[in-house]
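Trainee: Coordinates in upload-v5.txt, compact mmCIF, C-alpha atoms, are listed below.
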```
# COMPACT_ATOMS: atom_id res chain seq x y z
CA MET A 21 4.11 -2.19 -24.32
CA THR A 22 3.60 -5.31 -22.22
CA ASP A 23 2.41 -4.62 -18.68
CA HIS A 24 5.51 -5.82 -16.84
CA VAL A 25 4.02 -4.96 -13.44
CA HIS A 26 1.10 -7.29 -14.10
CA ASP A 27 3.44 -9.99 -15.38
CA LEU A 28 5.72 -9.73 -12.36
CA ARG A 29 2.69 -10.25 -10.13
CA SER A 30 1.83 -13.32 -12.21
CA VAL A 31 5.40 -14.59 -11.80
CA ARG A 32 5.03 -14.34 -8.02
CA GLU A 33 1.74 -16.23 -8.12
CA ALA A 34 3.13 -18.94 -10.40
CA THR A 35 6.20 -19.29 -8.19
CA ASP A 36 4.04 -19.65 -5.09
CA ARG A 37 1.98 -22.37 -6.83
CA LEU A 38 5.15 -24.19 -7.78
CA LEU A 39 6.73 -23.98 -4.32
CA THR A 40 3.52 -25.17 -2.63
CA ALA A 41 3.30 -28.17 -4.96
CA VAL A 42 6.98 -29.09 -4.77
CA ALA A 43 6.98 -28.90 -0.96
CA LYS A 44 4.59 -31.89 -0.94
CA LEU A 45 7.18 -34.12 -2.66
CA ASP A 46 10.05 -36.05 -1.12
CA ASN A 47 13.62 -36.76 -2.11
CA ALA A 48 12.71 -39.97 -3.92
CA ALA A 49 10.08 -38.20 -6.03
CA LEU A 50 12.65 -35.65 -7.21
CA ALA A 51 14.75 -38.46 -8.71
CA GLU A 52 11.83 -39.75 -10.78
CA GLU A 53 11.32 -38.94 -14.46
CA SER A 54 9.57 -35.76 -15.49
CA HIS A 55 7.64 -35.20 -18.70
CA LEU A 56 10.86 -33.97 -20.32
CA PRO A 57 12.94 -36.80 -21.82
CA GLY A 58 16.20 -37.33 -19.98
CA TRP A 59 15.33 -35.01 -17.12
CA THR A 60 14.23 -35.91 -13.62
CA ARG A 61 12.09 -33.57 -11.57
CA GLY A 62 15.32 -32.45 -9.93
CA HIS A 63 16.70 -31.38 -13.29
CA ILE A 64 13.66 -29.17 -13.87
CA LEU A 65 13.91 -27.53 -10.45
CA ALA A 66 17.64 -26.91 -10.94
CA HIS A 67 16.94 -25.37 -14.34
CA LEU A 68 14.26 -23.07 -12.91
CA ALA A 69 16.60 -21.77 -10.22
CA ARG A 70 19.46 -21.20 -12.65
CA ASN A 71 17.10 -19.56 -15.16
CA ALA A 72 16.10 -17.00 -12.53
CA ASP A 73 19.77 -16.15 -11.98
CA ALA A 74 20.33 -16.05 -15.75
CA LEU A 75 17.57 -13.46 -16.10
CA VAL A 76 19.26 -11.40 -13.38
CA ASN A 77 22.29 -11.41 -15.67
CA VAL A 78 20.08 -10.22 -18.53
CA PHE A 79 18.74 -7.29 -16.54
CA GLU A 80 22.23 -6.35 -15.37
CA GLY A 81 23.73 -6.43 -18.87
CA ARG A 82 25.76 -9.62 -18.60
CA PRO A 83 25.51 -12.70 -20.85
CA MET A 84 22.51 -14.78 -19.85
CA TYR A 85 24.69 -17.88 -19.43
CA GLU A 86 28.46 -18.21 -19.48
CA SER A 87 28.03 -20.83 -22.22
CA ALA A 88 25.64 -23.59 -23.22
CA THR A 89 28.06 -26.10 -21.72
CA ALA A 90 28.18 -24.25 -18.41
CA ARG A 91 24.38 -23.99 -18.35
CA ASP A 92 23.97 -27.73 -18.81
CA ALA A 93 26.70 -28.50 -16.29
CA ASP A 94 25.05 -26.32 -13.63
CA ILE A 95 21.72 -28.11 -14.10
CA GLU A 96 23.37 -31.51 -13.90
CA ARG A 97 25.33 -30.48 -10.80
CA ASP A 98 22.24 -29.31 -8.94
CA ALA A 99 19.69 -31.89 -10.09
CA GLY A 100 20.40 -34.46 -7.38
CA ARG A 101 20.05 -32.22 -4.36
CA THR A 102 17.62 -32.79 -1.52
CA LEU A 103 14.11 -31.38 -1.51
CA GLU A 104 15.02 -28.79 1.10
CA GLU A 105 18.03 -27.65 -0.93
CA HIS A 106 15.91 -27.30 -4.04
CA LEU A 107 13.21 -25.35 -2.22
CA THR A 108 15.76 -22.97 -0.69
CA ASP A 109 17.43 -22.41 -4.05
CA LEU A 110 14.10 -21.84 -5.81
CA ARG A 111 13.02 -19.29 -3.18
CA ASP A 112 16.37 -17.48 -3.09
CA SER A 113 16.85 -17.33 -6.85
CA ALA A 114 13.25 -16.14 -7.33
CA ALA A 115 13.87 -13.40 -4.75
CA ARG A 116 17.03 -12.32 -6.59
CA PHE A 117 15.12 -12.11 -9.85
CA MET A 118 12.32 -10.05 -8.31
CA ALA A 119 14.80 -7.74 -6.58
CA THR A 120 16.46 -6.99 -9.92
CA THR A 121 13.13 -5.80 -11.32
CA GLU A 122 12.39 -3.39 -8.46
CA PRO A 123 14.73 -0.44 -9.22
CA ASP A 124 13.61 2.22 -11.68
CA GLN A 125 14.83 1.28 -15.15
CA ASP A 126 14.10 1.66 -18.85
CA TRP A 127 11.65 -1.14 -19.54
CA SER A 128 11.59 -0.21 -23.25
CA ARG A 129 15.30 -1.03 -23.70
CA THR A 130 16.44 -4.05 -25.68
CA VAL A 131 18.14 -6.87 -23.76
CA GLU A 132 19.96 -9.96 -25.02
CA LEU A 133 18.88 -13.46 -24.09
CA ARG A 134 20.32 -16.84 -25.19
CA ASN A 135 21.78 -17.53 -28.62
CA GLY A 136 21.68 -13.89 -29.68
CA VAL A 137 17.92 -13.55 -29.17
CA THR A 138 16.89 -10.03 -28.17
CA ASP A 139 13.70 -8.68 -26.64
CA LEU A 140 12.36 -5.71 -24.75
CA ALA A 141 13.08 -5.69 -21.04
CA ALA A 142 9.32 -5.38 -20.46
CA ASN A 143 8.80 -8.82 -22.01
CA VAL A 144 11.25 -10.63 -19.74
CA PRO A 145 8.78 -11.07 -16.85
CA PHE A 146 6.39 -12.94 -19.15
CA ARG A 147 9.26 -15.12 -20.32
CA ARG A 148 9.95 -16.00 -16.67
CA TRP A 149 6.26 -16.72 -16.12
CA VAL A 150 6.41 -19.14 -19.05
CA GLU A 151 9.41 -20.90 -17.54
CA VAL A 152 7.76 -21.32 -14.14
CA ASP A 153 4.29 -22.41 -15.25
CA LEU A 154 5.21 -24.63 -18.21
CA HIS A 155 7.92 -26.39 -16.22
CA HIS A 156 5.45 -26.84 -13.36
CA VAL A 157 3.44 -28.89 -15.85
CA ASP A 158 6.61 -30.70 -16.95
CA LEU A 159 7.21 -31.91 -13.38
CA ASN A 160 4.41 -34.47 -13.84
CA ILE A 161 2.95 -33.94 -10.38
CA GLY A 162 -0.68 -33.25 -11.27
CA TYR A 163 -0.54 -29.72 -12.67
CA GLU A 164 -1.71 -30.00 -16.27
CA LEU A 165 -1.83 -27.74 -19.32
CA SER A 166 -5.58 -27.42 -18.74
CA ASP A 167 -4.84 -26.00 -15.26
CA LEU A 168 -2.82 -23.06 -16.60
CA PRO A 169 -4.40 -19.61 -16.23
CA GLU A 170 -6.47 -18.74 -19.30
CA GLU A 171 -4.54 -15.51 -19.87
CA PHE A 172 -1.25 -17.40 -19.82
CA THR A 173 -2.47 -20.00 -22.31
CA GLU A 174 -3.80 -17.42 -24.76
CA ARG A 175 -0.65 -15.31 -24.63
CA GLU A 176 1.67 -18.29 -24.97
CA ILE A 177 -0.28 -19.57 -27.97
CA ASP A 178 0.11 -16.09 -29.53
CA PHE A 179 3.83 -16.10 -28.75
CA LEU A 180 4.45 -19.57 -30.18
CA ALA A 181 2.28 -18.98 -33.23
CA ASP A 182 4.40 -15.91 -33.93
CA ARG A 183 7.58 -17.91 -33.30
CA TRP A 184 6.70 -20.45 -35.99
CA SER A 185 5.47 -17.80 -38.44
CA GLY A 186 7.65 -17.35 -41.49
CA ARG A 187 9.35 -20.71 -41.03
CA PRO A 188 9.63 -22.30 -44.49
CA GLU A 189 9.68 -25.83 -43.04
CA VAL A 190 6.21 -25.27 -41.53
CA PRO A 191 3.31 -25.02 -44.01
CA PRO A 192 0.78 -22.20 -43.64
CA VAL A 193 -1.48 -23.23 -40.76
CA ALA A 194 -4.77 -21.82 -39.47
CA LEU A 195 -5.21 -22.38 -35.74
CA VAL A 196 -8.84 -22.49 -34.65
CA ALA A 197 -9.67 -22.72 -30.94
CA THR A 198 -12.98 -24.04 -29.66
CA ASP A 199 -13.83 -20.51 -28.49
CA GLY A 200 -13.71 -19.39 -32.13
CA ARG A 201 -10.40 -17.54 -31.93
CA ARG A 202 -8.30 -17.94 -35.09
CA ARG A 203 -4.57 -17.45 -35.59
CA HIS A 204 -2.09 -18.02 -38.42
CA THR A 205 1.31 -19.66 -38.13
CA GLY A 206 3.87 -21.28 -40.39
CA SER A 207 5.02 -19.92 -43.71
CA ALA A 208 3.20 -17.14 -45.55
CA GLY A 209 0.21 -17.74 -47.77
CA ASP A 210 -3.29 -19.10 -47.50
CA PRO A 211 -3.45 -21.82 -44.85
CA ALA A 212 -2.85 -25.28 -46.29
CA VAL A 213 -3.85 -26.97 -43.04
CA THR A 214 -6.43 -26.03 -40.43
CA VAL A 215 -5.72 -27.25 -36.90
CA SER A 216 -8.62 -27.12 -34.44
CA GLY A 217 -9.01 -27.89 -30.76
CA THR A 218 -9.04 -26.56 -27.24
CA ALA A 219 -6.61 -23.88 -26.18
CA ALA A 220 -4.76 -26.44 -24.05
CA GLY A 221 -4.54 -28.81 -27.01
CA LEU A 222 -3.20 -26.11 -29.31
CA LEU A 223 -0.65 -25.10 -26.68
CA ALA A 224 0.44 -28.72 -26.28
CA TRP A 225 1.17 -28.98 -29.99
CA LEU A 226 2.87 -25.60 -30.34
CA ALA A 227 5.05 -26.18 -27.27
CA GLY A 228 5.78 -29.86 -27.95
CA ARG A 229 4.13 -30.95 -24.73
CA GLY A 230 1.28 -33.10 -23.46
CA ASP A 231 -0.32 -35.12 -26.21
CA LYS A 232 1.60 -33.04 -28.81
CA GLY A 233 -1.47 -32.57 -30.94
CA ALA A 234 -3.17 -35.96 -30.55
CA SER A 235 -6.36 -34.29 -29.31
CA LEU A 236 -6.52 -31.87 -32.25
CA THR A 237 -8.41 -32.25 -35.50
CA THR A 238 -6.92 -31.26 -38.85
CA SER A 239 -8.25 -30.59 -42.32
CA GLY A 240 -6.40 -29.96 -45.55
CA GLY A 241 -3.51 -32.25 -44.60
CA PRO A 242 -1.82 -34.02 -41.69
CA LEU A 243 -0.76 -32.24 -38.53
CA PRO A 244 2.58 -30.57 -39.39
CA THR A 245 5.72 -31.46 -37.46
CA LEU A 246 7.14 -28.43 -35.70
CA PRO A 247 10.88 -27.83 -35.13
CA PRO A 248 12.19 -28.19 -31.57
CA LEU A 249 11.75 -25.14 -29.35
```
Could you show the structure in this file as structure tokens?

Mentor:
Amino acid sequence: MTDHVHDLRSVREATDRLLTAVAKLDNAALAEESHLPGWTRGHILAHLARNADALVNVFEGRPMYESATARDADIERDAGRTLEEHLTDLRDSAARFMATTEPDQDWSRTVELRNGVTDLAANVPFRRWVEVDLHHVDLNIGYELSDLPEEFTEREIDFLADRWSGRPEVPPVALVATDGRRRHTGSAGDPAVTVSGTAAGLLAWLAGRGDKGASLTTSGGPLPTLPPL
């Protein structure tokens, strides 16, 4: 089973990095565009706070979000707040999430996330770590995919490679990192395409971020187009 204690510690560290970086911004910077189309930095911060509360719901057996419409409305409502309001909300919502993980509980139980997706409770801390660190990159304030902790990058590549596995619209792909590590994704069968590059480059392509595969090299065919996350 995933080491949820380790992952919760990593969530705390990622949250501290985020808060330290965001505290250096000002109100005008929050209204500027992020790396995510259609979202300002304020939208990302609002999403991170509401995601923490949504994961509290998951741990407590409630629906993660009331509805997709309510989720989007909450983000839009909170996006334009001041820096101090965002920082307070980020701290408080992060504290609520951590508090929900402290009582003794069955970490092997299955919990329900968005859109009917289920997972083990022990995996939820890593999912929160992904939210915090990837969206830190999305803020476009100097924290890059290459700055992510190596462990995070390797585990997220594994997670996304597994996510795209078995998808008929994605051809069989061999992923080859510069450190020699190989993975398989896409539909079953011998790889039709080999995609090679740095771990950060592979993550960018799999997650639809950064250069989205521009730094990668391919053989056997063009770089496949992945579905939206």

Trainee: Please identify every residue of segment 95-120 of chain A that has at least one atom no farther than 12 Å from an atom of segment 129-148 of chain A, counting all atoms listed in the file, and for each give the shortest atom pair and the distance in Å to one decimal, arranged by chain then increasing number, as JSON lines.

Mentor:
```
{"residue": "A:Ala114", "atom": "CA", "partner": "A:Arg148", "partner_atom": "CA", "distance": 9.9}
{"residue": "A:Phe117", "atom": "CA", "partner": "A:Arg148", "partner_atom": "CA", "distance": 9.4}
{"residue": "A:Met118", "atom": "CA", "partner": "A:Pro145", "partner_atom": "CA", "distance": 9.3}
{"residue": "A:Thr120", "atom": "CA", "partner": "A:Pro145", "partner_atom": "CA", "distance": 11.1}
```

Trainee: So which residues touch Ala219 of chain A within 9 Å, counting all atoms listed in the file, skipping near sequence neighbours fewer than 5 positions away, as a list of chain:residue names?

Mentor: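 So the residues in contact are A:Ser166, A:Glu170, A:Thr173, A:Glu174, A:Ile177, A:Val196, A:Ala197, A:Thr198, A:Asp199, A:Ala224.
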
Trainee: Could you list, as a ChimeraX atom specification, every residue within 12 Å of Glu151 of chain A, counting only C-alpha atoms and ignoring same-chain residues fewer than 6 positions away?

Mentor: /A:30-31,34-35,38,64-65,67-72,75,114,144-145,157-159,172,176,227

Trainee: Within 10 Å of segment 41-61 of chain A, which residues of segment 118-229 of chain A come that close, and what is the closest atom pair and distance in Å for each? Count only C-alpha atoms and give it as JSON lines.

Mentor:
```
{"residue": "A:His155", "atom": "CA", "partner": "A:Leu56", "partner_atom": "CA", "distance": 9.1}
{"residue": "A:His156", "atom": "CA", "partner": "A:Ala41", "partner_atom": "CA", "distance": 8.8}
{"residue": "A:Val157", "atom": "CA", "partner": "A:His55", "partner_atom": "CA", "distance": 8.1}
{"residue": "A:Asp158", "atom": "CA", "partner": "A:His55", "partner_atom": "CA", "distance": 4.9}
{"residue": "A:Leu159", "atom": "CA", "partner": "A:Ser54", "partner_atom": "CA", "distance": 5.0}
{"residue": "A:Asn160", "atom": "CA", "partner": "A:Ser54", "partner_atom": "CA", "distance": 5.6}
{"residue": "A:Ile161", "atom": "CA", "partner": "A:Ala41", "partner_atom": "CA", "distance": 7.9}
{"residue": "A:Gly162", "atom": "CA", "partner": "A:Ala41", "partner_atom": "CA", "distance": 9.0}
{"residue": "A:Tyr163", "atom": "CA", "partner": "A:Ala41", "partner_atom": "CA", "distance": 8.8}
{"residue": "A:Arg229", "atom": "CA", "partner": "A:His55", "partner_atom": "CA", "distance": 8.2}
```

Trainee: Counting only C-alpha atoms, figure out which residue out of A:Leu236, A:Leu103, A:Glu171, A:Gly81 gets nearest to His26 of chain A.

Mentor: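 Of all the options, A:Glu171 lies closest to His26 of chain A.
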
Trainee: What lies within 10 Å of Pro188 of chain A using only C-alpha atoms, ignoring chain neighbours under 5 positions off, as an MDAnalysis selection string?

Mentor: chainID A and resid 206:208

Trainee: Between atom CA of Gly241 of chain A and atom CA of Phe179 of chain A, what is the distance in Å, rounded to a tenth?

Mentor: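 A separation of 23.8 Å between them.
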
Trainee: Do you have the atom CA of Asp112 of chain A-atom CA of Ala74 of chain A distance handy?

Mentor: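 It comes out at 13.3 Å.
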
Trainee: One number please: atom CA of Thr40 of chain A to atom CA of Trp225 of chain A, in Å, one decimal.

Mentor: 27.7 Å

Trainee: Could you check the closest approach to Ser113 of chain A for each of A:Leu243, A:Leu249, A:Ile95, A:Val76 and tell me which residue wins, using all atoms listed in the file?

Mentor: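 Smallest distance to Ser113 of chain A is found for A:Val76.
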
Trainee: Using all atoms listed in the file, which of the listed residues (A:Arg82, A:Leu39, A:Asp27, A:Val150) sits closest to His106 of chain A?

Mentor: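 Selected residue with least distance to His106 of chain A: A:Leu39.
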
Trainee: Taking all atoms listed in the file into account, which of A:Ala93, A:Ala88, A:Leu110, A:Ala234 comes nearest Asp73 of chain A?

Mentor: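 Of A:Ala93, A:Ala88, A:Leu110, A:Ala234, the one nearest Asp73 of chain A is A:Leu110, counting all atoms listed in the file.
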
Trainee: Find, counting all atoms listed in the file, the residue in A:His24, A:Arg116, A:Arg111, A:Arg32 that gets nearest to Ser128 of chain A.

Mentor: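 Of A:His24, A:Arg116, A:Arg111, A:Arg32, the one nearest Ser128 of chain A is A:His24, counting all atoms listed in the file.
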
Trainee: Would you give the centre and edge lengths, in Å to one decimal, of a box along x, y and z around the listed atoms of segment 84-96 of chain A, with 6 Å added to each side, as lines of an AutoDock Vina configuration file?

Mentor:
```
center_x = 25.1
center_y = -23.1
center_z = -18.4
size_x = 18.7
size_y = 28.7
size_z = 21.6
```

Trainee: Residues near Gly233 of chain A, anyone? I mean within 10 Å using all atoms listed in the file, not counting same-chain ones fewer than 2 positions away, as a list in words.

Mentor: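 Near neighbours after the sequence-gap exclusion: Val215, Ser216, Gly217, Ala220, Gly221, Leu222, Leu223, Ala224, Trp225, Leu226, Ala227, Gly228, Arg229, Gly230, Asp231, Ser235, Leu236, Thr237, Thr238, Leu243, Pro244 and Thr245 of chain A.
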
Trainee: Env of Pro192 of chain A: 9 Å cut, atoms = only C-alpha atoms, seq-sep filter 6 positions within chain, self excluded. Answer as a ChimeraX atom specification.

Mentor: /A:185-186,204-214

Trainee: Once you have the residues from the selection above, write them out as an mmCIF file, keeping the file's coordinate frame, restricted to C-alpha atoms.

Mentor:
```
data_model
loop_
_atom_site.group_PDB
_atom_site.id
_atom_site.type_symbol
_atom_site.label_atom_id
_atom_site.label_comp_id
_atom_site.auth_asym_id
_atom_site.auth_seq_id
_atom_site.Cartn_x
_atom_site.Cartn_y
_atom_site.Cartn_z
ATOM 1 C CA SER A 185 5.470 -17.800 -38.440
ATOM 2 C CA GLY A 186 7.650 -17.350 -41.490
ATOM 3 C CA HIS A 204 -2.090 -18.020 -38.420
ATOM 4 C CA THR A 205 1.310 -19.660 -38.130
ATOM 5 C CA GLY A 206 3.870 -21.280 -40.390
ATOM 6 C CA SER A 207 5.020 -19.920 -43.710
ATOM 7 C CA ALA A 208 3.200 -17.140 -45.550
ATOM 8 C CA GLY A 209 0.210 -17.740 -47.770
ATOM 9 C CA ASP A 210 -3.290 -19.100 -47.500
ATOM 10 C CA PRO A 211 -3.450 -21.820 -44.850
ATOM 11 C CA ALA A 212 -2.850 -25.280 -46.290
ATOM 12 C CA VAL A 213 -3.850 -26.970 -43.040
ATOM 13 C CA THR A 214 -6.430 -26.030 -40.430
#
```

Trainee: For each of A:Glu164, A:Ser87, A:Arg175, A:Glu104, take the minimum atom-to-atom distance to Trp149 of chain A, counting only C-alpha atoms, then give the residue where this is smallest.

Mentor: A:Arg175

Trainee: Every residue with an atom at most 7 Å from (5.7, -28.1, -39.5) (file coordinates; only C-alpha atoms) is what I'm after, so could you write them as a PyMOL selection string?

Mentor: chain A and resi 189-191+244-247
